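Structure data (compact mmCIF, C-alpha atoms) from query00.txt:
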```
# COMPACT_ATOMS: atom_id res chain seq x y z
CA MET X 1 70.34 -143.33 -237.89
CA ASP X 2 69.57 -144.68 -234.43
CA ASN X 3 66.02 -143.33 -234.02
CA VAL X 4 64.84 -146.92 -233.93
CA PRO X 5 61.83 -146.43 -231.61
CA ILE X 6 60.40 -143.78 -233.99
CA LYS X 7 60.98 -146.06 -236.98
CA ARG X 8 59.26 -148.92 -235.17
CA LEU X 9 56.34 -146.67 -234.29
CA MET X 10 56.01 -145.63 -237.94
CA ASN X 11 56.12 -149.27 -238.99
CA TRP X 12 53.39 -150.05 -236.46
CA PHE X 13 51.18 -147.31 -237.93
CA LYS X 14 51.84 -148.71 -241.41
CA ASP X 15 50.75 -152.15 -240.20
CA ILE X 16 47.60 -150.73 -238.65
CA PHE X 17 46.56 -148.52 -241.54
CA GLY X 18 47.38 -150.81 -244.41
CA LYS X 19 50.19 -151.87 -246.66
CA LYS X 20 52.12 -149.60 -248.98
CA LYS X 21 51.26 -149.52 -252.65
CA GLU X 22 54.92 -150.00 -253.53
CA ILE X 23 57.53 -151.68 -251.41
CA ARG X 24 61.29 -151.38 -251.61
CA ILE X 25 62.83 -154.82 -251.41
CA GLY X 26 66.55 -154.87 -250.64
CA PHE X 27 68.69 -157.88 -251.56
CA TYR X 28 71.31 -158.20 -248.84
CA GLY X 29 74.05 -160.67 -248.07
CA PRO X 30 77.74 -161.42 -248.41
CA PRO X 31 79.45 -161.34 -251.84
CA ASN X 32 78.71 -164.28 -254.16
CA ALA X 33 75.63 -165.46 -252.30
CA GLY X 34 73.58 -165.10 -255.48
CA LYS X 35 71.81 -161.78 -254.83
CA THR X 36 72.01 -160.57 -258.43
CA THR X 37 71.13 -164.00 -259.83
CA LEU X 38 67.98 -163.95 -257.68
CA ALA X 39 67.16 -160.30 -258.49
CA ASN X 40 67.59 -161.14 -262.19
CA LYS X 41 65.34 -164.18 -261.89
CA ILE X 42 62.55 -162.13 -260.24
CA SER X 43 62.97 -159.26 -262.68
CA MET X 44 63.00 -161.60 -265.70
CA ASP X 45 59.90 -163.45 -264.43
CA TRP X 46 57.82 -160.26 -264.18
CA THR X 47 59.36 -157.71 -266.54
CA GLY X 48 61.35 -159.80 -269.02
CA GLU X 49 64.49 -157.77 -268.28
CA PRO X 50 67.48 -158.54 -266.04
CA ILE X 51 68.68 -156.15 -263.33
CA GLY X 52 72.45 -156.63 -263.36
CA LYS X 53 75.51 -158.59 -264.45
CA VAL X 54 76.51 -161.81 -262.69
CA SER X 55 80.08 -163.00 -262.15
CA GLU X 56 81.95 -165.65 -260.17
CA ILE X 57 84.48 -162.98 -259.16
CA PRO X 58 83.31 -161.41 -255.88
CA HIS X 59 82.04 -157.81 -255.78
CA GLU X 60 80.66 -157.79 -259.33
CA THR X 61 77.84 -155.58 -258.01
CA ARG X 62 79.57 -152.46 -256.69
CA GLU X 63 76.66 -150.04 -256.89
CA VAL X 64 73.02 -150.48 -255.88
CA GLN X 65 71.11 -151.74 -258.94
CA LYS X 66 67.46 -150.85 -259.19
CA LYS X 67 64.44 -152.15 -261.02
CA GLU X 68 61.31 -150.17 -260.31
CA LYS X 69 57.63 -151.06 -260.45
CA VAL X 70 57.97 -154.82 -260.71
CA VAL X 71 54.48 -156.20 -260.21
CA ILE X 72 54.30 -159.74 -258.89
CA ARG X 73 51.10 -161.74 -258.57
CA THR X 74 50.58 -164.66 -256.26
CA GLY X 75 47.14 -166.12 -255.62
CA ASP X 76 44.72 -163.17 -255.52
CA LYS X 77 47.42 -160.73 -254.36
CA SER X 78 49.36 -158.25 -256.44
CA ILE X 79 52.41 -156.40 -255.09
CA THR X 80 54.36 -153.64 -256.78
CA MET X 81 58.02 -153.82 -255.80
CA ASN X 82 61.07 -151.69 -256.36
CA LEU X 83 63.96 -154.16 -256.40
CA LEU X 84 67.23 -152.94 -254.91
CA ASP X 85 70.13 -155.30 -255.55
CA MET X 86 72.81 -154.35 -253.03
CA PRO X 87 76.56 -154.80 -253.26
CA GLY X 88 77.74 -157.68 -251.08
CA ILE X 89 78.67 -156.68 -247.54
CA ALA X 90 82.14 -157.73 -246.35
CA THR X 91 84.52 -156.79 -243.55
CA LYS X 92 87.61 -157.08 -245.75
CA ILE X 93 88.47 -156.41 -249.38
CA ASP X 94 91.97 -157.31 -250.50
CA TYR X 95 92.92 -156.30 -254.03
CA GLU X 96 95.37 -159.23 -254.09
CA ASP X 97 92.38 -161.59 -254.11
CA PHE X 98 91.36 -160.11 -257.47
CA ILE X 99 94.93 -160.51 -258.79
CA LYS X 100 94.72 -164.21 -257.86
CA ARG X 101 91.66 -164.36 -260.12
CA GLY X 102 93.65 -163.08 -263.07
CA MET X 103 93.31 -159.30 -262.90
CA GLU X 104 96.13 -156.82 -263.44
CA LYS X 105 97.22 -154.97 -260.30
CA LYS X 106 95.77 -151.62 -261.37
CA GLU X 107 92.44 -153.15 -262.37
CA ALA X 108 92.33 -155.13 -259.11
CA GLN X 109 92.97 -152.00 -257.04
CA ILE X 110 90.23 -150.08 -258.84
CA ARG X 111 87.78 -152.95 -258.32
CA ALA X 112 88.71 -153.11 -254.62
CA LYS X 113 88.18 -149.36 -254.20
CA GLU X 114 84.81 -149.52 -255.94
CA ALA X 115 83.86 -152.53 -253.82
CA THR X 116 84.59 -150.63 -250.57
CA ARG X 117 82.28 -147.83 -251.75
CA GLY X 118 79.65 -150.43 -252.59
CA VAL X 119 79.73 -151.89 -249.07
CA ILE X 120 79.25 -148.41 -247.58
CA GLU X 121 76.34 -147.73 -249.94
CA ALA X 122 74.67 -151.04 -249.04
CA ILE X 123 74.95 -150.27 -245.31
CA LYS X 124 73.52 -146.77 -245.79
CA TRP X 125 70.50 -148.28 -247.58
CA LEU X 126 69.70 -150.56 -244.61
CA GLU X 127 67.36 -147.97 -243.11
CA HIS X 128 65.56 -147.24 -246.37
CA VAL X 129 64.20 -150.66 -247.38
CA ASP X 130 60.71 -151.85 -246.49
CA THR X 131 61.53 -155.56 -246.63
CA ALA X 132 64.92 -157.28 -246.82
CA LEU X 133 65.76 -160.51 -248.58
CA VAL X 134 68.93 -161.74 -246.90
CA VAL X 135 70.48 -164.11 -249.41
CA MET X 136 72.85 -166.80 -248.12
CA ASP X 137 74.84 -169.47 -249.89
CA SER X 138 73.43 -172.70 -248.41
CA THR X 139 76.70 -174.56 -249.07
CA LYS X 140 78.50 -172.33 -246.53
CA ASP X 141 78.41 -171.81 -242.77
CA PRO X 142 75.65 -169.19 -242.28
CA TYR X 143 76.82 -168.18 -238.82
CA THR X 144 79.13 -165.42 -240.04
CA GLN X 145 79.46 -161.99 -238.51
CA VAL X 146 78.36 -160.31 -241.76
CA ASN X 147 75.06 -162.24 -241.77
CA ILE X 148 74.57 -161.60 -238.05
CA THR X 149 75.33 -157.87 -238.38
CA ILE X 150 72.96 -157.43 -241.34
CA ILE X 151 70.13 -159.26 -239.58
CA GLY X 152 70.81 -157.49 -236.26
CA ASN X 153 70.59 -154.09 -237.96
CA LEU X 154 67.35 -154.95 -239.76
CA GLU X 155 65.79 -156.42 -236.61
CA ALA X 156 66.67 -153.31 -234.59
CA ARG X 157 64.91 -151.18 -237.21
CA GLY X 158 61.83 -153.40 -237.28
CA ILE X 159 62.25 -154.20 -240.99
CA PRO X 160 60.70 -157.53 -242.09
CA ILE X 161 63.36 -160.09 -243.02
CA ILE X 162 63.04 -163.04 -245.37
CA ILE X 163 66.08 -165.29 -245.50
CA VAL X 164 66.84 -167.00 -248.79
CA ALA X 165 68.81 -170.25 -248.58
CA ASN X 166 70.19 -170.12 -252.11
CA LYS X 167 72.13 -172.61 -254.28
CA LEU X 168 69.82 -175.50 -253.52
CA ASP X 169 70.93 -176.98 -256.86
CA LEU X 170 74.38 -177.79 -255.47
CA ALA X 171 74.95 -181.23 -253.94
CA GLU X 172 76.66 -179.79 -250.85
CA SER X 173 73.73 -177.46 -250.07
CA LYS X 174 72.61 -177.63 -246.44
CA PRO X 175 69.69 -175.20 -246.02
CA GLU X 176 68.92 -176.70 -242.62
CA TRP X 177 72.06 -174.95 -241.27
CA ILE X 178 70.45 -171.62 -242.11
CA GLU X 179 67.13 -172.53 -240.52
CA GLU X 180 68.94 -173.61 -237.36
CA ALA X 181 71.04 -170.44 -237.25
CA PHE X 182 68.14 -167.99 -237.76
CA PRO X 183 64.96 -169.68 -236.52
CA GLN X 184 63.28 -166.32 -235.82
CA HIS X 185 62.80 -165.51 -239.54
CA PRO X 186 61.09 -167.23 -242.50
CA VAL X 187 63.60 -169.15 -244.62
CA VAL X 188 62.90 -169.96 -248.28
CA GLU X 189 65.04 -172.68 -249.82
CA LEU X 190 65.56 -172.16 -253.54
CA SER X 191 67.91 -172.11 -256.48
CA ALA X 192 68.06 -168.67 -258.12
CA LEU X 193 70.08 -170.25 -260.93
CA THR X 194 67.54 -172.90 -261.92
CA GLY X 195 64.49 -171.02 -260.63
CA ASN X 196 63.49 -173.97 -258.49
CA HIS X 197 61.12 -172.95 -255.62
CA VAL X 198 61.22 -169.24 -256.52
CA GLU X 199 57.37 -169.25 -256.57
CA GLU X 200 57.47 -170.01 -252.83
CA LEU X 201 59.48 -166.85 -252.32
CA TYR X 202 56.72 -164.80 -253.97
CA GLU X 203 54.19 -166.25 -251.54
CA VAL X 204 56.41 -165.45 -248.56
CA ILE X 205 57.03 -161.90 -249.82
CA ALA X 206 53.27 -161.39 -250.15
CA LYS X 207 52.73 -162.69 -246.63
CA HIS X 208 55.56 -160.94 -244.78
CA SER X 209 56.22 -157.67 -246.61
CA ARG X 210 55.18 -154.37 -245.17
CA MET T 1 106.48 -161.43 -235.64
CA GLU T 2 105.01 -160.38 -232.32
CA VAL T 3 101.30 -160.05 -231.93
CA GLU T 4 99.71 -158.01 -229.21
CA ILE T 5 96.32 -158.88 -227.83
CA GLU T 6 94.59 -156.03 -226.01
CA PHE T 7 91.71 -156.58 -223.63
CA ILE T 8 89.73 -153.37 -223.55
CA SER T 9 87.47 -152.36 -220.70
CA SER T 10 83.94 -151.26 -221.57
CA ASN T 11 84.55 -147.99 -219.69
CA ILE T 12 87.10 -146.87 -222.29
CA LEU T 13 84.71 -147.24 -225.23
CA GLU T 14 81.58 -146.00 -223.49
CA SER T 15 83.20 -142.66 -222.71
CA LYS T 16 83.74 -141.99 -226.43
CA THR T 17 81.45 -140.76 -229.21
CA ASN T 18 80.59 -143.16 -232.05
CA THR T 19 83.27 -141.65 -234.28
CA GLN T 20 85.91 -141.68 -231.56
CA ARG T 21 85.05 -145.28 -230.71
CA MET T 22 85.52 -146.45 -234.30
CA SER T 23 88.80 -144.54 -234.65
CA TYR T 24 90.09 -145.95 -231.37
CA ILE T 25 89.38 -149.51 -232.52
CA LEU T 26 90.70 -149.12 -236.06
CA ASN T 27 93.88 -147.31 -235.04
CA ARG T 28 94.81 -150.26 -232.86
CA ILE T 29 93.89 -152.89 -235.44
CA LYS T 30 96.05 -151.12 -238.03
CA LYS T 31 98.97 -151.60 -235.64
CA ASN T 32 98.40 -155.35 -235.94
CA LYS T 33 96.71 -155.73 -232.59
CA ILE T 34 93.95 -158.17 -231.83
CA LEU T 35 91.32 -156.58 -229.60
CA VAL T 36 89.03 -158.25 -227.13
CA LEU T 37 86.30 -155.84 -226.04
CA GLU T 38 84.83 -156.45 -222.64
CA ARG T 39 81.38 -155.47 -223.87
CA GLY T 40 80.11 -156.72 -227.22
CA LEU T 41 79.52 -154.15 -229.96
CA SER T 42 75.92 -153.51 -230.96
CA SER T 43 74.74 -154.28 -234.51
CA PHE T 44 74.81 -150.53 -235.23
CA ASP T 45 78.38 -150.25 -233.96
CA GLU T 46 79.39 -153.24 -236.07
CA SER T 47 77.96 -151.70 -239.22
CA ARG T 48 79.58 -148.35 -238.37
CA LEU T 49 82.87 -150.17 -237.92
CA ILE T 50 82.48 -151.91 -241.28
CA GLU T 51 81.76 -148.56 -242.95
CA GLU T 52 84.79 -146.92 -241.36
CA THR T 53 86.94 -149.94 -242.23
CA MET T 54 85.90 -149.66 -245.89
CA LYS T 55 86.95 -145.99 -245.93
CA GLN T 56 90.40 -146.88 -244.65
CA ILE T 57 91.20 -149.88 -246.85
CA ASP T 58 94.34 -149.37 -248.94
CA GLU T 59 97.33 -151.36 -250.16
CA LYS T 60 98.55 -152.03 -246.60
CA PHE T 61 95.26 -152.48 -244.79
CA SER T 62 92.73 -154.91 -246.27
CA GLY T 63 90.10 -154.92 -243.56
CA ILE T 64 89.07 -156.67 -240.39
CA GLU T 65 87.77 -159.92 -239.02
CA ILE T 66 85.23 -159.49 -236.27
CA SER T 67 83.00 -161.65 -234.15
CA THR T 68 80.64 -160.82 -231.32
CA LEU T 69 79.11 -162.97 -228.64
CA LYS T 70 75.92 -161.18 -227.76
CA GLU T 71 74.97 -160.61 -224.18
CA ASN T 72 72.34 -162.83 -222.71
CA ASN T 73 69.27 -160.62 -222.97
CA ALA T 74 68.15 -160.78 -219.38
CA LYS T 75 66.93 -164.33 -219.73
CA GLY T 76 68.30 -165.45 -216.38
CA VAL T 77 67.73 -164.19 -212.86
CA ARG T 78 71.46 -163.49 -212.55
CA GLU T 79 71.48 -161.25 -215.65
CA LYS T 80 68.39 -159.39 -214.48
CA LEU T 81 69.94 -158.83 -211.07
CA ILE T 82 73.15 -157.54 -212.61
CA ARG T 83 71.16 -155.09 -214.72
CA ILE T 84 69.09 -153.88 -211.76
CA LEU T 85 72.31 -153.19 -209.90
CA GLY T 86 73.60 -151.19 -212.85
CA GLY T 87 76.04 -153.80 -214.08
CA LYS T 88 76.64 -155.29 -217.50
CA PRO T 89 75.72 -158.93 -217.90
CA GLY T 90 78.08 -159.81 -220.69
CA GLY T 91 78.80 -159.83 -224.39
CA LEU T 92 82.21 -159.77 -225.98
CA THR T 93 83.70 -158.74 -229.31
CA VAL T 94 86.95 -159.95 -230.87
CA ILE T 95 88.41 -157.87 -233.73
CA GLY T 96 91.66 -158.00 -235.63
CA PRO T 97 93.29 -157.22 -238.97
CA SER T 98 92.23 -159.61 -241.74
CA ARG T 99 95.82 -160.14 -242.94
CA LEU T 100 96.63 -161.55 -239.50
CA ILE T 101 93.42 -163.38 -238.69
CA LYS T 102 92.83 -166.06 -241.25
CA LYS T 103 89.47 -167.16 -239.95
CA ILE T 104 87.02 -166.65 -237.15
CA LYS T 105 84.68 -169.54 -236.56
CA LYS T 106 81.62 -168.66 -234.63
CA GLU T 107 79.09 -170.71 -232.77
CA PRO T 108 76.33 -169.22 -230.64
CA GLU T 109 78.32 -169.55 -227.41
CA ARG T 110 81.92 -169.76 -228.65
CA ILE T 111 84.39 -167.96 -230.91
CA SER T 112 87.50 -169.67 -232.34
CA LEU T 113 90.12 -167.41 -233.87
CA PHE T 114 92.80 -168.70 -236.27
CA ALA T 115 95.77 -166.38 -236.77
CA GLU T 116 98.74 -166.79 -239.06
CA PHE T 117 102.10 -165.17 -238.39
CA LYS T 118 103.81 -164.94 -241.73
CA ASP T 119 107.47 -164.65 -240.72
CA SER T 120 107.43 -167.87 -238.69
CA GLY T 121 105.05 -169.84 -240.89
CA LYS T 122 103.40 -171.17 -237.76
CA LYS T 123 99.68 -171.21 -237.15
```
Please rewrite the model in this file as C-alpha cells.
Amino acid sequence: MDNVPIKRLMNWFKDIFGKKKEIRIGFYGPPNAGKTTLANKISMDWTGEPIGKVSEIPHETREVQKKEKVVIRTGDKSITMNLLDMPGIATKIDYEDFIKRGMEKKEAQIRAKEATRGVIEAIKWLEHVDTALVVMDSTKDPYTQVNITIIGNLEARGIPIIIVANKLDLAESKPEWIEEAFPQHPVVELSALTGNHVEELYEVIAKHSR
Amino acid sequence: MEVEIEFISSNILESKTNTQRMSYILNRIKKNKILVLERGLSSFDESRLIEETMKQIDEKFSGIEISTLKENNAKGVREKLIRILGGKPGGLTVIGPSRLIKKIKKEPERISLFAEFKDSGKK
C-alpha cells in the first residue's frame, strides 16, 4: 500500500509514454456532498443511463457503483472513462442518526453496518483510481479532516486530483472557501443538480487526467 | 463524567507496527480518552485509522473525531536544522470518541475541539 515511490515512477512513465485509453475516475468525498448526483449527471449526459440512487439520508451509496466505458468528448478530445462512484468517507457512523431520520432501529443498524463497509471499500480503492474527483459541498466548511485525509492520500500516491465545489445552486454556496483551502488543485464550481457548469468539468478532466 | 486527556510521545507510536499503532490509539479512545499525539499522523495512518475505526463501530462505539496539524515541511531554517540533527520539527494530531467530541474546527494553524459531557450538561 505504501510503495508510493514506485507508483509515482509508474505514473511518470505513463506521462512520458502517453495517456491511457481508458481512465478510472473515482468520485470521492464526505457523505451527501453530491457524488452520486454528479456521477449520474455525467453518466446521463453520455450514456443516457444513471449510475446510482440519490437520497438526502447520508450513506445512500454503500458500495462502489460503476459505469464502464463512458466516452466524453470535449473540443477535439475524446476520453473513455470508467466511473467509480464511491461511498462517502466518514470518521463516525452512528445508527442513532438514521433513527432520527425516521428509520426503525434494526434498519438503522443494518444501514450503519453497511455504511462502515462502504467507507472501508472507498479507502481501499484510493490506490486504484487514475484520477480523483473530490466532491465537496460548497455550503460547508471544506477544511475538514476527511477532505484533508482523502487529498493527502491521493497526493502521496501521485494521483491527479480535481476538486468539485458542488451545490452552486444554493444561495449559501461559497466555492471560494474551497479554492482558498486547496489552492494546489484545480477547482471546478458547478451544480450537479442543475447541470450548471458541468461542461467545464469535462474540459478540466480532459486537461488533467492521466 | 470525568474525561482523561492523554498526551502521547512520538516514541511510543514509532516503536509499533501499523496494526499495533492503530490498536493502541483505538483502545484508548474506546475508553473515552482524548489523545494528543506529539507527532501528527500521516495521511496513510489517518486512512488506516478510519478503516480500523469502521471495523470496530457497534452500538456503543460510533467512531472518532480527528484533526491533524501537519508539520512544517522544512520551509524554515529552524525546521531544516532540527531535521539535520535528527529531530522532529512538529505536527500534532488530536483524536477522540465522536460521542464525546461534538465538533473539531480546524484552521491551517489551529485546532478547536468542542466536547460535551452528557451527565453534567456542560460544554
Neighbour list for Gly96 (chain T) as a PyMOL selection string, cut-off 7 Å, only C-alpha atoms, skip fewer than 3 positions in-chain | chain T and resi 29+33-35+64-66+101
Select residues of chain X: the criterion is any atom within 10 Å of an atom of chain T, counting only C-alpha atoms; output as a PyMOL selection string.
-> chain X and resi 1-2+89-96+109+112-113+115-124+126+141-146+148-156+181
Keeping only C-alpha atoms, write the selected residues to a file as a PDB file, keeping the file's coordinate frame.
```pdb
ATOM      1  CA  MET X   1      70.340-143.330-237.890  1.00  0.00           C
ATOM      2  CA  ASP X   2      69.570-144.680-234.430  1.00  0.00           C
ATOM      3  CA  ILE X  89      78.670-156.680-247.540  1.00  0.00           C
ATOM      4  CA  ALA X  90      82.140-157.730-246.350  1.00  0.00           C
ATOM      5  CA  THR X  91      84.520-156.790-243.550  1.00  0.00           C
ATOM      6  CA  LYS X  92      87.610-157.080-245.750  1.00  0.00           C
ATOM      7  CA  ILE X  93      88.470-156.410-249.380  1.00  0.00           C
ATOM      8  CA  ASP X  94      91.970-157.310-250.500  1.00  0.00           C
ATOM      9  CA  TYR X  95      92.920-156.300-254.030  1.00  0.00           C
ATOM     10  CA  GLU X  96      95.370-159.230-254.090  1.00  0.00           C
ATOM     11  CA  GLN X 109      92.970-152.000-257.040  1.00  0.00           C
ATOM     12  CA  ALA X 112      88.710-153.110-254.620  1.00  0.00           C
ATOM     13  CA  LYS X 113      88.180-149.360-254.200  1.00  0.00           C
ATOM     14  CA  ALA X 115      83.860-152.530-253.820  1.00  0.00           C
ATOM     15  CA  THR X 116      84.590-150.630-250.570  1.00  0.00           C
ATOM     16  CA  ARG X 117      82.280-147.830-251.750  1.00  0.00           C
ATOM     17  CA  GLY X 118      79.650-150.430-252.590  1.00  0.00           C
ATOM     18  CA  VAL X 119      79.730-151.890-249.070  1.00  0.00           C
ATOM     19  CA  ILE X 120      79.250-148.410-247.580  1.00  0.00           C
ATOM     20  CA  GLU X 121      76.340-147.730-249.940  1.00  0.00           C
ATOM     21  CA  ALA X 122      74.670-151.040-249.040  1.00  0.00           C
ATOM     22  CA  ILE X 123      74.950-150.270-245.310  1.00  0.00           C
ATOM     23  CA  LYS X 124      73.520-146.770-245.790  1.00  0.00           C
ATOM     24  CA  LEU X 126      69.700-150.560-244.610  1.00  0.00           C
ATOM     25  CA  ASP X 141      78.410-171.810-242.770  1.00  0.00           C
ATOM     26  CA  PRO X 142      75.650-169.190-242.280  1.00  0.00           C
ATOM     27  CA  TYR X 143      76.820-168.180-238.820  1.00  0.00           C
ATOM     28  CA  THR X 144      79.130-165.420-240.040  1.00  0.00           C
ATOM     29  CA  GLN X 145      79.460-161.990-238.510  1.00  0.00           C
ATOM     30  CA  VAL X 146      78.360-160.310-241.760  1.00  0.00           C
ATOM     31  CA  ILE X 148      74.570-161.600-238.050  1.00  0.00           C
ATOM     32  CA  THR X 149      75.330-157.870-238.380  1.00  0.00           C
ATOM     33  CA  ILE X 150      72.960-157.430-241.340  1.00  0.00           C
ATOM     34  CA  ILE X 151      70.130-159.260-239.580  1.00  0.00           C
ATOM     35  CA  GLY X 152      70.810-157.490-236.260  1.00  0.00           C
ATOM     36  CA  ASN X 153      70.590-154.090-237.960  1.00  0.00           C
ATOM     37  CA  LEU X 154      67.350-154.950-239.760  1.00  0.00           C
ATOM     38  CA  GLU X 155      65.790-156.420-236.610  1.00  0.00           C
ATOM     39  CA  ALA X 156      66.670-153.310-234.590  1.00  0.00           C
ATOM     40  CA  ALA X 181      71.040-170.440-237.250  1.00  0.00           C
TER      41      ALA X 181
END
```
Have a look at CA of Ile25 (chain X) and CA of Glu189 (chain X) and let me know their distance in Å, one decimal.
->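 These two atoms are separated by 18.1 Å.
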Test item: residues at most 10 Å from region 199-208 of chain X, all atoms listed in the file, excluding those fewer than 3 positions along its chain, as a PyMOL selection string = chain X and resi 25+42+72-75+77-79+131-133+160-164+186-190+195-196
Find the residues with any atom within 10 Å of (78.7, -172.4, -244.2); use all atoms listed in the file and the coordinates as given in the file, and write the answer as a list in words.
->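 Residues lying no farther than 10 Å from the given point: Met136, Asp137, Ser138, Thr139, Lys140, Asp141, Pro142, Tyr143, Thr144, Ser173, Lys174, Pro175, Trp177 and Ile178 of chain X.
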Any idea what's packed within 9 Å of region 3-7 of chain T, counting all atoms listed in the file, ignoring anything in its chain fewer than 2 positions away? Could you give it as a PyMOL selection string?
-> chain T and resi 1+9+28+32-38+117
Of the candidates X:Arg111, X:Lys100, X:Arg157, X:Lys35, which one gets nearest to Leu83 (chain X) if we count all atoms listed in the file?
-> X:Lys35
Hey, can I get the axis-aligned box for region 38-46 of chain X? All listed atoms, 3 Å padding on each side, centre and edge lengths in Å to one decimal, as JSON.
```
{"center_x": 62.9, "center_y": -161.7, "center_z": -261.7, "size_x": 16.2, "size_y": 10.9, "size_z": 14.0}
```
Separation of CA of Asn147 (chain X) from CA of Gly26 (chain X), in Å and rounded to one decimal =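 Those two atoms sit 14.3 Å apart.
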For Val71 (chain X), the nearest of the candidates X:Leu84, X:Val134, X:Ile23, X:Val54, counting only C-alpha atoms =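 Using only C-alpha atoms, Val71 (chain X) sits closest to X:Ile23.
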Using all atoms listed in the file, pick whichever of X:Glu56, X:Ala33, X:Glu104, X:Val129 has the shortest atom-to-atom distance to Pro87 (chain X).
->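 Under the stated criterion, the closest residue is X:Ala33.
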To one decimal in Å, tell me the separation between CA of Glu180 (chain X) and CA of His197 (chain X).
->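 Atom-to-atom, CA of Glu180 (chain X) to CA of His197 (chain X), that is 19.9 Å.
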For region 27-33 of chain X, write all heavy atoms out as a tab-separated table (two decimals), in the first residue's frame.
```tsv
chain	number	residue	atom	x	y	z
X	27	PHE	N	-15.04	9.05	-7.70
X	27	PHE	CA	-15.75	10.17	-7.07
X	27	PHE	C	-15.61	10.03	-5.57
X	27	PHE	O	-16.20	9.14	-4.96
X	27	PHE	CB	-17.24	10.16	-7.45
X	27	PHE	CG	-17.50	10.43	-8.90
X	27	PHE	CD1	-17.13	9.52	-9.88
X	27	PHE	CD2	-18.12	11.61	-9.30
X	27	PHE	CE1	-17.36	9.77	-11.22
X	27	PHE	CE2	-18.36	11.87	-10.64
X	27	PHE	CZ	-17.97	10.95	-11.61
X	28	TYR	N	-14.81	10.90	-4.99
X	28	TYR	CA	-14.56	10.84	-3.54
X	28	TYR	C	-15.15	12.04	-2.82
X	28	TYR	O	-15.41	13.08	-3.42
X	28	TYR	CB	-13.05	10.78	-3.29
X	28	TYR	CG	-12.51	9.38	-3.39
X	28	TYR	CD1	-11.91	8.93	-4.57
X	28	TYR	CD2	-12.63	8.50	-2.33
X	28	TYR	CE1	-11.45	7.63	-4.67
X	28	TYR	CE2	-12.16	7.20	-2.43
X	28	TYR	CZ	-11.58	6.78	-3.59
X	28	TYR	OH	-11.13	5.48	-3.68
X	29	GLY	N	-15.31	11.87	-1.51
X	29	GLY	CA	-15.78	12.99	-0.70
X	29	GLY	C	-16.55	12.50	0.50
X	29	GLY	O	-16.75	11.30	0.67
X	30	PRO	N	-16.98	13.44	1.34
X	30	PRO	CA	-17.78	13.05	2.51
X	30	PRO	C	-19.20	12.68	2.07
X	30	PRO	O	-19.59	12.95	0.92
X	30	PRO	CB	-17.78	14.32	3.36
X	30	PRO	CG	-17.57	15.43	2.39
X	30	PRO	CD	-16.74	14.88	1.27
X	31	PRO	N	-19.99	12.06	2.95
X	31	PRO	CA	-21.39	11.75	2.60
X	31	PRO	C	-22.17	13.03	2.27
X	31	PRO	O	-21.90	14.10	2.83
X	31	PRO	CB	-21.94	11.10	3.88
X	31	PRO	CG	-20.74	10.63	4.63
X	31	PRO	CD	-19.64	11.60	4.31
X	32	ASN	N	-23.11	12.90	1.36
X	32	ASN	CA	-24.03	13.99	0.99
X	32	ASN	C	-23.37	15.21	0.34
X	32	ASN	O	-23.90	16.31	0.42
X	32	ASN	CB	-24.86	14.46	2.19
X	32	ASN	CG	-26.07	13.56	2.40
X	32	ASN	OD1	-25.97	12.34	2.20
X	32	ASN	ND2	-27.19	14.12	2.77
X	33	ALA	N	-22.22	14.99	-0.27
X	33	ALA	CA	-21.57	16.10	-0.99
X	33	ALA	C	-22.13	16.21	-2.40
X	33	ALA	O	-21.93	17.22	-3.07
X	33	ALA	CB	-20.06	15.89	-1.03
```
